[in-house]
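S.K.: Structure file entry14.cif, mmCIF, C-alpha atoms (C1' of nucleotides), is pasted below:
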data_my_file
#
loop_
_atom_site.group_PDB
_atom_site.id
_atom_site.type_symbol
_atom_site.label_atom_id
_atom_site.label_comp_id
_atom_site.auth_asym_id
_atom_site.auth_seq_id
_atom_site.Cartn_x
_atom_site.Cartn_y
_atom_site.Cartn_z
ATOM 1 C CA MET A 1219 114.668 98.381 68.259
ATOM 2 C CA VAL A 1220 118.346 98.572 69.075
ATOM 3 C CA THR A 1221 119.902 100.450 71.970
ATOM 4 C CA THR A 1222 121.477 103.703 70.996
ATOM 5 C CA ASN A 1223 123.220 106.144 73.275
ATOM 6 C CA PHE A 1224 124.587 108.245 70.469
ATOM 7 C CA ASN A 1225 122.094 110.907 71.473
ATOM 8 C CA SER A 1226 122.020 110.195 75.172
ATOM 9 C CA ARG A 1227 123.739 112.175 77.910
ATOM 10 C CA PHE A 1228 125.752 109.415 79.517
ATOM 11 C CA ILE A 1229 128.134 106.992 77.829
ATOM 12 C CA ASP A 1230 129.360 104.185 80.048
ATOM 13 C CA ASN A 1231 130.404 101.834 77.252
ATOM 14 C CA PRO A 1232 131.536 102.725 73.748
ATOM 15 C CA LEU A 1233 129.617 99.808 72.277
ATOM 16 C CA ASN A 1234 126.399 101.552 73.250
ATOM 17 C CA CYS A 1235 127.269 104.044 70.554
ATOM 18 C CA PRO A 1236 125.993 102.923 67.150
ATOM 19 C CA VAL A 1237 128.717 104.812 65.322
ATOM 20 C CA THR A 1238 131.401 103.028 67.331
ATOM 21 C CA ARG A 1239 129.688 99.732 66.601
ATOM 22 C CA THR A 1240 129.647 100.452 62.904
ATOM 23 C CA MET A 1241 133.278 101.484 63.044
ATOM 24 C CA SER A 1242 134.171 98.185 64.650
ATOM 25 C CA ILE A 1243 133.118 96.547 61.396
ATOM 26 C CA ILE A 1244 134.310 98.882 58.697
ATOM 27 C CA GLY A 1245 137.101 100.546 60.657
ATOM 28 C CA GLY A 1246 139.854 98.062 59.914
ATOM 29 C CA LYS A 1247 142.830 99.306 57.994
ATOM 30 C CA TRP A 1248 141.762 97.577 54.784
ATOM 31 C CA LYS A 1249 138.012 97.101 54.969
ATOM 32 C CA PRO A 1250 136.805 100.172 53.075
ATOM 33 C CA ILE A 1251 139.401 99.506 50.394
ATOM 34 C CA ILE A 1252 138.331 95.899 50.046
ATOM 35 C CA LEU A 1253 134.663 96.816 49.840
ATOM 36 C CA ASN A 1254 135.407 99.394 47.188
ATOM 37 C CA CYS A 1255 137.585 97.020 45.185
ATOM 38 C CA ILE A 1256 134.848 94.433 45.138
ATOM 39 C CA GLY A 1257 132.454 97.065 43.896
ATOM 40 C CA GLU A 1258 129.584 95.919 41.703
ATOM 41 C CA ARG A 1259 131.138 92.737 40.378
ATOM 42 C CA ALA A 1260 132.051 89.342 41.729
ATOM 43 C CA ILE A 1261 135.801 89.102 42.181
ATOM 44 C CA ARG A 1262 138.202 86.317 43.019
ATOM 45 C CA PHE A 1263 140.503 86.199 46.029
ATOM 46 C CA GLY A 1264 143.637 86.295 43.912
ATOM 47 C CA LYS A 1265 142.393 89.226 41.879
ATOM 48 C CA LEU A 1266 141.763 91.238 45.048
ATOM 49 C CA ASN A 1267 145.270 90.394 46.172
ATOM 50 C CA GLN A 1268 146.612 91.740 42.876
ATOM 51 C CA ILE A 1269 144.674 94.973 43.084
ATOM 52 C CA ILE A 1270 145.772 95.505 46.690
ATOM 53 C CA PRO A 1271 149.340 94.190 46.645
ATOM 54 C CA ALA A 1272 150.214 95.786 49.978
ATOM 55 C CA ILE A 1273 147.858 93.518 51.899
ATOM 56 C CA SER A 1274 149.026 90.042 52.834
ATOM 57 C CA ASN A 1275 146.871 87.067 52.001
ATOM 58 C CA LYS A 1276 146.468 86.303 55.683
ATOM 59 C CA VAL A 1277 145.043 89.704 56.457
ATOM 60 C CA LEU A 1278 142.938 89.715 53.307
ATOM 61 C CA ALA A 1279 141.436 86.361 54.238
ATOM 62 C CA ASN A 1280 140.700 87.628 57.753
ATOM 63 C CA GLU A 1281 139.061 90.817 56.609
ATOM 64 C CA LEU A 1282 136.928 88.992 54.063
ATOM 65 C CA LYS A 1283 135.843 86.526 56.711
ATOM 66 C CA GLU A 1284 134.742 89.328 59.001
ATOM 67 C CA LEU A 1285 132.932 91.139 56.233
ATOM 68 C CA GLU A 1286 131.184 87.895 55.373
ATOM 69 C CA ASN A 1287 130.283 87.335 59.028
ATOM 70 C CA PHE A 1288 128.593 90.689 59.239
ATOM 71 C CA GLY A 1289 126.740 90.171 56.008
ATOM 72 C CA LEU A 1290 128.487 92.781 53.890
ATOM 73 C CA VAL A 1291 130.098 90.293 51.536
ATOM 74 C CA LYS A 1292 128.931 87.015 50.067
ATOM 75 C CA ARG A 1293 131.473 84.251 49.487
ATOM 76 C CA THR A 1294 130.867 81.664 46.788
ATOM 77 C CA GLU A 1295 133.091 78.624 46.539
ATOM 78 C CA PHE A 1296 133.237 76.682 43.269
ATOM 79 C CA LEU A 1297 134.219 73.044 43.508
ATOM 80 C CA GLU A 1298 136.898 73.181 40.871
ATOM 81 C CA LEU A 1299 140.590 72.554 40.686
ATOM 82 C CA PRO A 1300 142.523 74.747 41.103
ATOM 83 C CA PRO A 1301 140.002 76.180 43.563
ATOM 84 C CA ARG A 1302 137.926 79.227 42.709
ATOM 85 C CA VAL A 1303 136.232 81.494 45.221
ATOM 86 C CA GLU A 1304 134.314 84.623 44.388
ATOM 87 C CA TYR A 1305 133.385 87.523 46.606
ATOM 88 C CA GLU A 1306 130.663 90.062 46.012
ATOM 89 C CA LEU A 1307 128.833 92.738 47.974
ATOM 90 C CA THR A 1308 125.489 91.902 49.514
ATOM 91 C CA THR A 1309 122.607 94.376 49.450
ATOM 92 C CA SER A 1310 123.707 95.501 52.888
ATOM 93 C CA GLY A 1311 127.287 95.970 51.708
ATOM 94 C CA LYS A 1312 126.176 97.939 48.674
ATOM 95 C CA SER A 1313 124.023 100.199 50.819
ATOM 96 C CA LEU A 1314 127.099 101.204 52.780
ATOM 97 C CA MET A 1315 129.025 102.464 49.788
ATOM 98 C CA PRO A 1316 127.288 105.838 49.339
ATOM 99 C CA ILE A 1317 128.068 106.665 52.966
ATOM 100 C CA LEU A 1318 131.718 105.703 52.503
ATOM 101 C CA HIS A 1319 131.867 107.998 49.498
ATOM 102 C CA GLU A 1320 130.452 110.831 51.578
ATOM 103 C CA LEU A 1321 133.183 110.180 54.128
ATOM 104 C CA ALA A 1322 135.748 110.260 51.351
ATOM 105 C CA ASN A 1323 134.461 113.592 50.065
ATOM 106 C CA TRP A 1324 134.304 115.046 53.529
ATOM 107 C CA GLY A 1325 137.880 113.928 54.185
ATOM 108 C CA ASN A 1326 139.136 115.356 50.911
ATOM 109 C CA LYS A 1327 137.614 118.715 51.720
ATOM 110 C CA ASN A 1328 138.503 118.881 55.387
ATOM 111 C CA VAL A 1329 141.494 116.873 56.481
ATOM 112 C CA ALA A 1330 143.339 115.232 53.597
ATOM 113 C CA LYS A 1331 145.930 117.976 53.226
ATOM 114 C CA LYS A 1332 146.702 117.985 56.941
ATOM 115 C CA ILE A 1333 147.180 114.237 57.051
ATOM 116 C CA ILE A 1334 149.422 114.224 54.023
ATOM 117 C CA LYS A 1335 151.423 117.109 55.481
ATOM 118 C CA GLU A 1336 151.807 115.279 58.767
ATOM 119 C CA LEU A 1337 153.270 112.257 57.011
ATOM 120 C CA SER A 1338 155.916 114.189 55.086
ATOM 121 C CA MET B 636 143.231 118.572 44.236
ATOM 122 C CA VAL B 637 144.036 115.706 46.526
ATOM 123 C CA THR B 638 145.141 112.254 45.479
ATOM 124 C CA THR B 639 142.441 109.650 45.680
ATOM 125 C CA ASN B 640 142.748 106.017 44.817
ATOM 126 C CA PHE B 641 139.401 105.104 46.250
ATOM 127 C CA ASN B 642 138.188 104.613 42.721
ATOM 128 C CA SER B 643 141.426 103.444 41.169
ATOM 129 C CA ARG B 644 142.385 99.913 40.276
ATOM 130 C CA PHE B 645 145.573 99.574 42.255
ATOM 131 C CA ILE B 646 146.079 100.265 45.941
ATOM 132 C CA ASP B 647 149.691 100.214 47.061
ATOM 133 C CA ASN B 648 149.214 102.199 50.252
ATOM 134 C CA PRO B 649 146.087 102.457 52.372
ATOM 135 C CA LEU B 650 146.708 106.158 52.957
ATOM 136 C CA ASN B 651 146.008 106.767 49.293
ATOM 137 C CA CYS B 652 142.430 105.851 50.122
ATOM 138 C CA PRO B 653 140.476 108.893 51.298
ATOM 139 C CA VAL B 654 138.127 106.775 53.376
ATOM 140 C CA THR B 655 141.064 105.229 55.226
ATOM 141 C CA ARG B 656 142.493 108.694 55.761
ATOM 142 C CA THR B 657 139.229 109.938 57.183
ATOM 143 C CA MET B 658 138.997 106.872 59.406
ATOM 144 C CA SER B 659 142.447 107.607 60.766
ATOM 145 C CA ILE B 660 140.937 110.763 62.261
ATOM 146 C CA ILE B 661 137.495 109.775 63.411
ATOM 147 C CA GLY B 662 138.110 106.059 63.796
ATOM 148 C CA GLY B 663 139.421 106.086 67.335
ATOM 149 C CA LYS B 664 137.441 104.237 69.946
ATOM 150 C CA TRP B 665 136.114 107.459 71.474
ATOM 151 C CA LYS B 666 136.202 110.132 68.788
ATOM 152 C CA PRO B 667 132.654 109.889 67.420
ATOM 153 C CA ILE B 668 131.335 109.795 70.966
ATOM 154 C CA ILE B 669 133.327 112.858 71.950
ATOM 155 C CA LEU B 670 132.214 114.783 68.875
ATOM 156 C CA ASN B 671 128.603 113.905 69.571
ATOM 157 C CA CYS B 672 128.856 114.844 73.245
ATOM 158 C CA ILE B 673 130.247 118.239 72.362
ATOM 159 C CA GLY B 674 127.354 118.746 69.992
ATOM 160 C CA GLU B 675 126.201 122.297 69.413
ATOM 161 C CA ARG B 676 127.434 123.841 72.645
ATOM 162 C CA ALA B 677 130.770 124.703 74.196
ATOM 163 C CA ILE B 678 131.637 122.200 76.888
ATOM 164 C CA ARG B 679 134.330 121.955 79.525
ATOM 165 C CA PHE B 680 136.856 119.150 79.852
ATOM 166 C CA GLY B 681 135.505 118.022 83.208
ATOM 167 C CA LYS B 682 131.945 117.961 81.948
ATOM 168 C CA LEU B 683 132.938 115.719 79.038
ATOM 169 C CA ASN B 684 134.668 113.441 81.498
ATOM 170 C CA GLN B 685 131.435 113.243 83.528
ATOM 171 C CA ILE B 686 129.293 112.440 80.501
ATOM 172 C CA ILE B 687 131.756 109.780 79.331
ATOM 173 C CA PRO B 688 132.909 108.253 82.627
ATOM 174 C CA ALA B 689 134.470 105.218 80.976
ATOM 175 C CA ILE B 690 137.184 107.266 79.270
ATOM 176 C CA SER B 691 140.282 108.196 81.246
ATOM 177 C CA ASN B 692 141.384 111.809 81.349
ATOM 178 C CA LYS B 693 144.605 110.896 79.610
ATOM 179 C CA VAL B 694 142.820 109.392 76.636
ATOM 180 C CA LEU B 695 140.240 112.171 76.584
ATOM 181 C CA ALA B 696 142.996 114.786 76.502
ATOM 182 C CA ASN B 697 144.753 112.923 73.678
ATOM 183 C CA GLU B 698 141.646 112.554 71.580
ATOM 184 C CA LEU B 699 140.720 116.204 72.019
ATOM 185 C CA LYS B 700 144.219 117.238 71.025
ATOM 186 C CA GLU B 701 144.009 115.200 67.836
ATOM 187 C CA LEU B 702 140.563 116.519 67.002
ATOM 188 C CA GLU B 703 141.880 120.032 67.546
ATOM 189 C CA ASN B 704 144.895 119.313 65.364
ATOM 190 C CA PHE B 705 142.713 118.269 62.482
ATOM 191 C CA GLY B 706 140.437 121.245 62.895
ATOM 192 C CA LEU B 707 137.308 119.459 64.053
ATOM 193 C CA VAL B 708 137.302 120.987 67.522
ATOM 194 C CA LYS B 709 138.232 124.420 68.833
ATOM 195 C CA ARG B 710 139.847 124.705 72.247
ATOM 196 C CA THR B 711 139.472 127.889 74.272
ATOM 197 C CA GLU B 712 141.510 128.402 77.417
ATOM 198 C CA PHE B 713 140.354 130.954 79.979
ATOM 199 C CA LEU B 714 143.067 132.385 82.204
ATOM 200 C CA GLU B 715 141.267 131.731 85.456
ATOM 201 C CA LEU B 716 141.933 129.776 88.588
ATOM 202 C CA PRO B 717 141.008 127.021 88.835
ATOM 203 C CA PRO B 718 141.620 126.700 85.092
ATOM 204 C CA ARG B 719 138.757 126.594 82.629
ATOM 205 C CA VAL B 720 138.954 125.186 79.119
ATOM 206 C CA GLU B 721 136.080 124.920 76.704
ATOM 207 C CA TYR B 722 135.747 122.758 73.628
ATOM 208 C CA GLU B 723 133.359 123.240 70.738
ATOM 209 C CA LEU B 724 132.912 121.921 67.218
ATOM 210 C CA THR B 725 134.281 123.919 64.316
ATOM 211 C CA THR B 726 132.363 124.285 61.079
ATOM 212 C CA SER B 727 134.312 121.352 59.738
ATOM 213 C CA GLY B 728 133.464 119.276 62.808
ATOM 214 C CA LYS B 729 129.796 120.137 62.553
ATOM 215 C CA SER B 730 129.733 119.185 58.883
ATOM 216 C CA LEU B 731 130.850 115.684 59.794
ATOM 217 C CA MET B 732 127.960 114.991 62.131
ATOM 218 C CA PRO B 733 125.264 114.258 59.536
ATOM 219 C CA ILE B 734 127.524 111.619 57.999
ATOM 220 C CA LEU B 735 128.144 110.037 61.401
ATOM 221 C CA HIS B 736 124.409 109.880 61.934
ATOM 222 C CA GLU B 737 123.994 108.138 58.599
ATOM 223 C CA LEU B 738 126.609 105.613 59.712
ATOM 224 C CA ALA B 739 124.707 105.143 62.952
ATOM 225 C CA ASN B 740 121.457 104.507 61.118
ATOM 226 C CA TRP B 741 123.116 102.149 58.675
ATOM 227 C CA GLY B 742 124.663 100.237 61.555
ATOM 228 C CA ASN B 743 121.395 100.005 63.440
ATOM 229 C CA LYS B 744 119.672 98.565 60.394
ATOM 230 C CA ASN B 745 122.417 96.258 59.219
ATOM 231 C CA VAL B 746 124.822 95.051 61.860
ATOM 232 C CA ALA B 747 123.885 96.139 65.378
ATOM 233 C CA LYS B 748 122.076 92.950 66.286
ATOM 234 C CA LYS B 749 124.929 90.775 65.075
ATOM 235 C CA ILE B 750 127.508 92.714 67.049
ATOM 236 C CA ILE B 751 125.446 92.629 70.204
ATOM 237 C CA LYS B 752 124.858 88.903 69.726
ATOM 238 C CA GLU B 753 128.575 88.281 69.254
ATOM 239 C CA LEU B 754 129.347 89.984 72.565
ATOM 240 C CA SER B 755 126.890 87.949 74.613
ATOM 241 C "C1'" DA C 1128 160.279 64.514 39.463
ATOM 242 C "C1'" DT C 1129 159.365 69.129 39.777
ATOM 243 C "C1'" DT C 1130 156.998 73.189 39.251
ATOM 244 C "C1'" DA C 1131 152.860 76.242 38.853
ATOM 245 C "C1'" DG C 1132 148.358 77.771 40.100
ATOM 246 C "C1'" DT C 1133 144.662 78.840 43.767
ATOM 247 C "C1'" DG C 1134 142.963 79.956 48.223
ATOM 248 C "C1'" DG C 1135 144.014 79.781 51.930
ATOM 249 C "C1'" DT C 1136 146.322 78.360 57.246
ATOM 250 C "C1'" DT C 1137 149.876 78.359 60.971
ATOM 251 C "C1'" DA C 1138 153.314 80.114 63.987
ATOM 252 C "C1'" DC C 1139 155.611 83.837 65.251
ATOM 253 C "C1'" DC C 1140 156.815 88.936 65.803
ATOM 254 C "C1'" DA C 1141 156.378 94.199 66.078
ATOM 255 C "C1'" DT C 1142 153.771 98.176 66.587
ATOM 256 C "C1'" DT C 1143 150.146 100.739 68.321
ATOM 257 C "C1'" DA C 1144 146.031 101.998 70.828
ATOM 258 C "C1'" DG C 1145 144.280 102.288 74.829
ATOM 259 C "C1'" DG C 1146 144.188 101.749 80.148
ATOM 260 C "C1'" DT C 1147 145.967 102.661 85.214
ATOM 261 C "C1'" DT C 1148 147.807 105.216 88.683
ATOM 262 C "C1'" DA C 1149 150.097 108.872 90.515
ATOM 263 C "C1'" DC C 1150 151.497 113.546 90.127
ATOM 264 C "C1'" DT C 1151 151.480 118.857 89.014
ATOM 265 C "C1'" DT C 1152 150.083 123.964 89.454
ATOM 266 C "C1'" DG C 1153 148.167 127.770 92.035
ATOM 267 C "C1'" DT C 1154 144.573 129.634 94.678
ATOM 268 C "C1'" DA C 1155 140.750 129.125 98.050
ATOM 269 C "C1'" DT C 1156 138.596 126.803 101.756
ATOM 270 C "C1'" DT C 1157 138.290 124.250 106.191
ATOM 271 C "C1'" DA D 1298 148.407 122.424 107.782
ATOM 272 C "C1'" DA D 1299 145.778 119.831 104.881
ATOM 273 C "C1'" DT D 1300 142.493 119.330 101.271
ATOM 274 C "C1'" DA D 1301 139.827 120.440 97.046
ATOM 275 C "C1'" DC D 1302 139.301 122.029 92.371
ATOM 276 C "C1'" DA D 1303 140.323 121.917 87.219
ATOM 277 C "C1'" DA D 1304 142.806 120.403 83.447
ATOM 278 C "C1'" DG D 1305 145.751 118.094 82.351
ATOM 279 C "C1'" DT D 1306 151.100 115.120 82.282
ATOM 280 C "C1'" DA D 1307 154.310 111.291 83.022
ATOM 281 C "C1'" DA D 1308 155.597 106.635 83.565
ATOM 282 C "C1'" DC D 1309 154.282 102.360 82.952
ATOM 283 C "C1'" DC D 1310 151.593 98.180 81.306
ATOM 284 C "C1'" DT D 1311 148.417 95.191 78.358
ATOM 285 C "C1'" DA D 1312 145.752 93.644 74.558
ATOM 286 C "C1'" DA D 1313 144.629 93.906 69.952
ATOM 287 C "C1'" DT D 1314 145.973 94.780 65.249
ATOM 288 C "C1'" DG D 1315 148.527 93.969 61.611
ATOM 289 C "C1'" DG D 1316 152.868 92.044 59.204
ATOM 290 C "C1'" DT D 1317 156.265 88.055 57.638
ATOM 291 C "C1'" DA D 1318 157.434 83.788 56.055
ATOM 292 C "C1'" DA D 1319 156.613 79.201 55.524
ATOM 293 C "C1'" DC D 1320 153.516 75.669 54.552
ATOM 294 C "C1'" DC D 1321 149.299 72.813 52.764
ATOM 295 C "C1'" DA D 1322 146.076 70.235 49.316
ATOM 296 C "C1'" DC D 1323 145.136 68.907 44.747
ATOM 297 C "C1'" DT D 1324 145.706 68.598 39.838
ATOM 298 C "C1'" DA D 1325 147.852 69.668 35.385
ATOM 299 C "C1'" DA D 1326 151.653 70.726 32.741
ATOM 300 C "C1'" DT D 1327 156.799 70.509 31.760
#
Could I get this file's structure written as structure tokens?
M.R.:
Amino acid sequence: MVTTNFNSRFIDNPLNCPVTRTMSIIGGKWKPIILNCIGERAIRFGKLNQIIPAISNKVLANELKELENFGLVKRTEFLELPPRVEYELTTSGKSLMPILHELANWGNKNVAKKIIKELS
Amino acid sequence: MVTTNFNSRFIDNPLNCPVTRTMSIIGGKWKPIILNCIGERAIRFGKLNQIIPAISNKVLANELKELENFGLVKRTEFLELPPRVEYELTTSGKSLMPILHELANWGNKNVAKKIIKELS
DNA sequence: ATTAGTGGTTACCATTAGGTTACTTGTATT
DNA sequence: AATACAAGTAACCTAATGGTAACCACTAAT
């Protein structure tokens, strides 16, 4: 059983909040996008970089490493030349996707227009 | 209808992703905690600051202002002395809470132990 | 000999989020 | 006369996040 203060009356440290903890993993600027781009298939590093051209390879490599560390993504290296590496979602990563889609729907209904307005 | 590239094949700007947009609102270090502490009741600024002692009043005021801006929180000012201000969740804010709880549960099952381990 | 393809790494820089401390306003209390 | 209360503001500082550009290893093709 893991500590949770999300329903407690006294928060002395944000990391006692399970939502904040979860955010610390998926809250990066590119993480939800990367997870969604991987989707149901295995995909190569270079292909991801094509689909998300605005992300630099440094940042992409970092994000993938973190996602791998937390067990959301599985990295498979093939010993070929030129090198080939494939990324795919783990069971844990896949189980997150429905929640991300709920967030997306909620955002589209509730705040999307305001954000877009604020940026123009 | 709002633009969404969350399911598209080409991401040129993270703000075209509705999940990223939603994160930009609730992804702050303290926002989910604040929303949860407000809960179903109206609560005063000072009371929030007591419940979350680790947040400074400057940051708390900022976060509340943003949440108000995006329509998740309603601020009511009473013209009394000393001043009294009450915050409560709007319908939109309340509708987000079930999703945050799903995130919390997902995190507890999937990543909490790893995060806690990494910090010790 | 040079270039291309792949999956990165390294060094460096800019922006932002968040934190600290002190201060304000107006009345009431000691 | 000084202090407390409530709800913030203002000025300043630091650490983390993310961005840029160059480079690497290895082989095959031109």
S.K.: Please measure the separation of CA of Lys1312 (chain A) and CA of Glu1295 (chain A), giving the value in Å to one decimal.
M.R.: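 Separation between CA of Lys1312 (chain A) and CA of Glu1295 (chain A): 20.6 Å.
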S.K.: In Å, rounded to a single decimal, give me how far CA of Leu1321 (chain A) is from CA of Asn743 (chain B).
M.R.: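 Rounded to one decimal, the two atoms are 18.1 Å apart.
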S.K.: Report the closest atom pair, with its distance in Å rounded to one decimal, for each residue of chain D that has an atom no farther than 12 Å from chain B; count only C-alpha atoms (C1' of nucleotides), sort by chain and then rising residue number, and write it as a tab-separated table.
M.R.:
residue	atom	partner	partner_atom	distance
D:DA1301	C1'	B:Pro717	CA	10.6
D:DC1302	C1'	B:Pro717	CA	6.4
D:DA1303	C1'	B:Pro718	CA	5.4
D:DA1304	C1'	B:Pro718	CA	6.6
D:DG1305	C1'	B:Ala696	CA	7.3
D:DT1306	C1'	B:Lys693	CA	8.2
D:DA1307	C1'	B:Lys693	CA	10.3
S.K.: Kindly resolve the PyMOL selection byres ((chain A) within 8 of (chain B)) on the present coordinates and return the residues as a ChimeraX atom specification.
M.R.: /A:1220,1224-1225,1227-1232,1235-1241,1245,1247-1248,1250-1251,1254-1255,1268-1272,1288-1289,1310,1314,1317-1326,1328-1333
S.K.: Can you spit out the residues from that selection as a CSV table (one decimal), in the frame of the given file, using C-alpha atoms?
M.R.:
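Okay, this is what ended up in out_12.csv:
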chain,number,residue,atom,x,y,z
A,1220,VAL,CA,118.3,98.6,69.1
A,1224,PHE,CA,124.6,108.2,70.5
A,1225,ASN,CA,122.1,110.9,71.5
A,1227,ARG,CA,123.7,112.2,77.9
A,1228,PHE,CA,125.8,109.4,79.5
A,1229,ILE,CA,128.1,107.0,77.8
A,1230,ASP,CA,129.4,104.2,80.0
A,1231,ASN,CA,130.4,101.8,77.3
A,1232,PRO,CA,131.5,102.7,73.7
A,1235,CYS,CA,127.3,104.0,70.6
A,1236,PRO,CA,126.0,102.9,67.2
A,1237,VAL,CA,128.7,104.8,65.3
A,1238,THR,CA,131.4,103.0,67.3
A,1239,ARG,CA,129.7,99.7,66.6
A,1240,THR,CA,129.6,100.5,62.9
A,1241,MET,CA,133.3,101.5,63.0
A,1245,GLY,CA,137.1,100.5,60.7
A,1247,LYS,CA,142.8,99.3,58.0
A,1248,TRP,CA,141.8,97.6,54.8
A,1250,PRO,CA,136.8,100.2,53.1
A,1251,ILE,CA,139.4,99.5,50.4
A,1254,ASN,CA,135.4,99.4,47.2
A,1255,CYS,CA,137.6,97.0,45.2
A,1268,GLN,CA,146.6,91.7,42.9
A,1269,ILE,CA,144.7,95.0,43.1
A,1270,ILE,CA,145.8,95.5,46.7
A,1271,PRO,CA,149.3,94.2,46.6
A,1272,ALA,CA,150.2,95.8,50.0
A,1288,PHE,CA,128.6,90.7,59.2
A,1289,GLY,CA,126.7,90.2,56.0
A,1310,SER,CA,123.7,95.5,52.9
A,1314,LEU,CA,127.1,101.2,52.8
A,1317,ILE,CA,128.1,106.7,53.0
A,1318,LEU,CA,131.7,105.7,52.5
A,1319,HIS,CA,131.9,108.0,49.5
A,1320,GLU,CA,130.5,110.8,51.6
A,1321,LEU,CA,133.2,110.2,54.1
A,1322,ALA,CA,135.7,110.3,51.4
A,1323,ASN,CA,134.5,113.6,50.1
A,1324,TRP,CA,134.3,115.0,53.5
A,1325,GLY,CA,137.9,113.9,54.2
A,1326,ASN,CA,139.1,115.4,50.9
A,1328,ASN,CA,138.5,118.9,55.4
A,1329,VAL,CA,141.5,116.9,56.5
A,1330,ALA,CA,143.3,115.2,53.6
A,1331,LYS,CA,145.9,118.0,53.2
A,1332,LYS,CA,146.7,118.0,56.9
A,1333,ILE,CA,147.2,114.2,57.1
S.K.: Write out as a ChimeraX atom specification every residue belonging to chain C that has an atom at most 9 Å from any atom of chain A, counting only C-alpha atoms (C1' of nucleotides).
M.R.: /C:1132-1136
S.K.: Could you name the residues that touch DT1314 (chain D) at 10 Å or less, counting all atoms listed in the file, but leaving out those on the same chain fewer than 2 positions away, as a count of residues only?
M.R.: 7
S.K.: Given the file shown, enumerate the residues that the PyMOL selection byres ((chain D and resi 1308) around 12) captures and present them as a PyMOL selection string.
M.R.: (chain C and resi 1147-1150) or (chain D and resi 1306-1307+1309-1310)
S.K.: Could you work out how far CA of Glu1298 (chain A) lies from C1' of DA1325 (chain D), giving the answer in Å with one decimal?
M.R.: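 C1' of DA1325 (chain D) sits 12.7 Å away from CA of Glu1298 (chain A).
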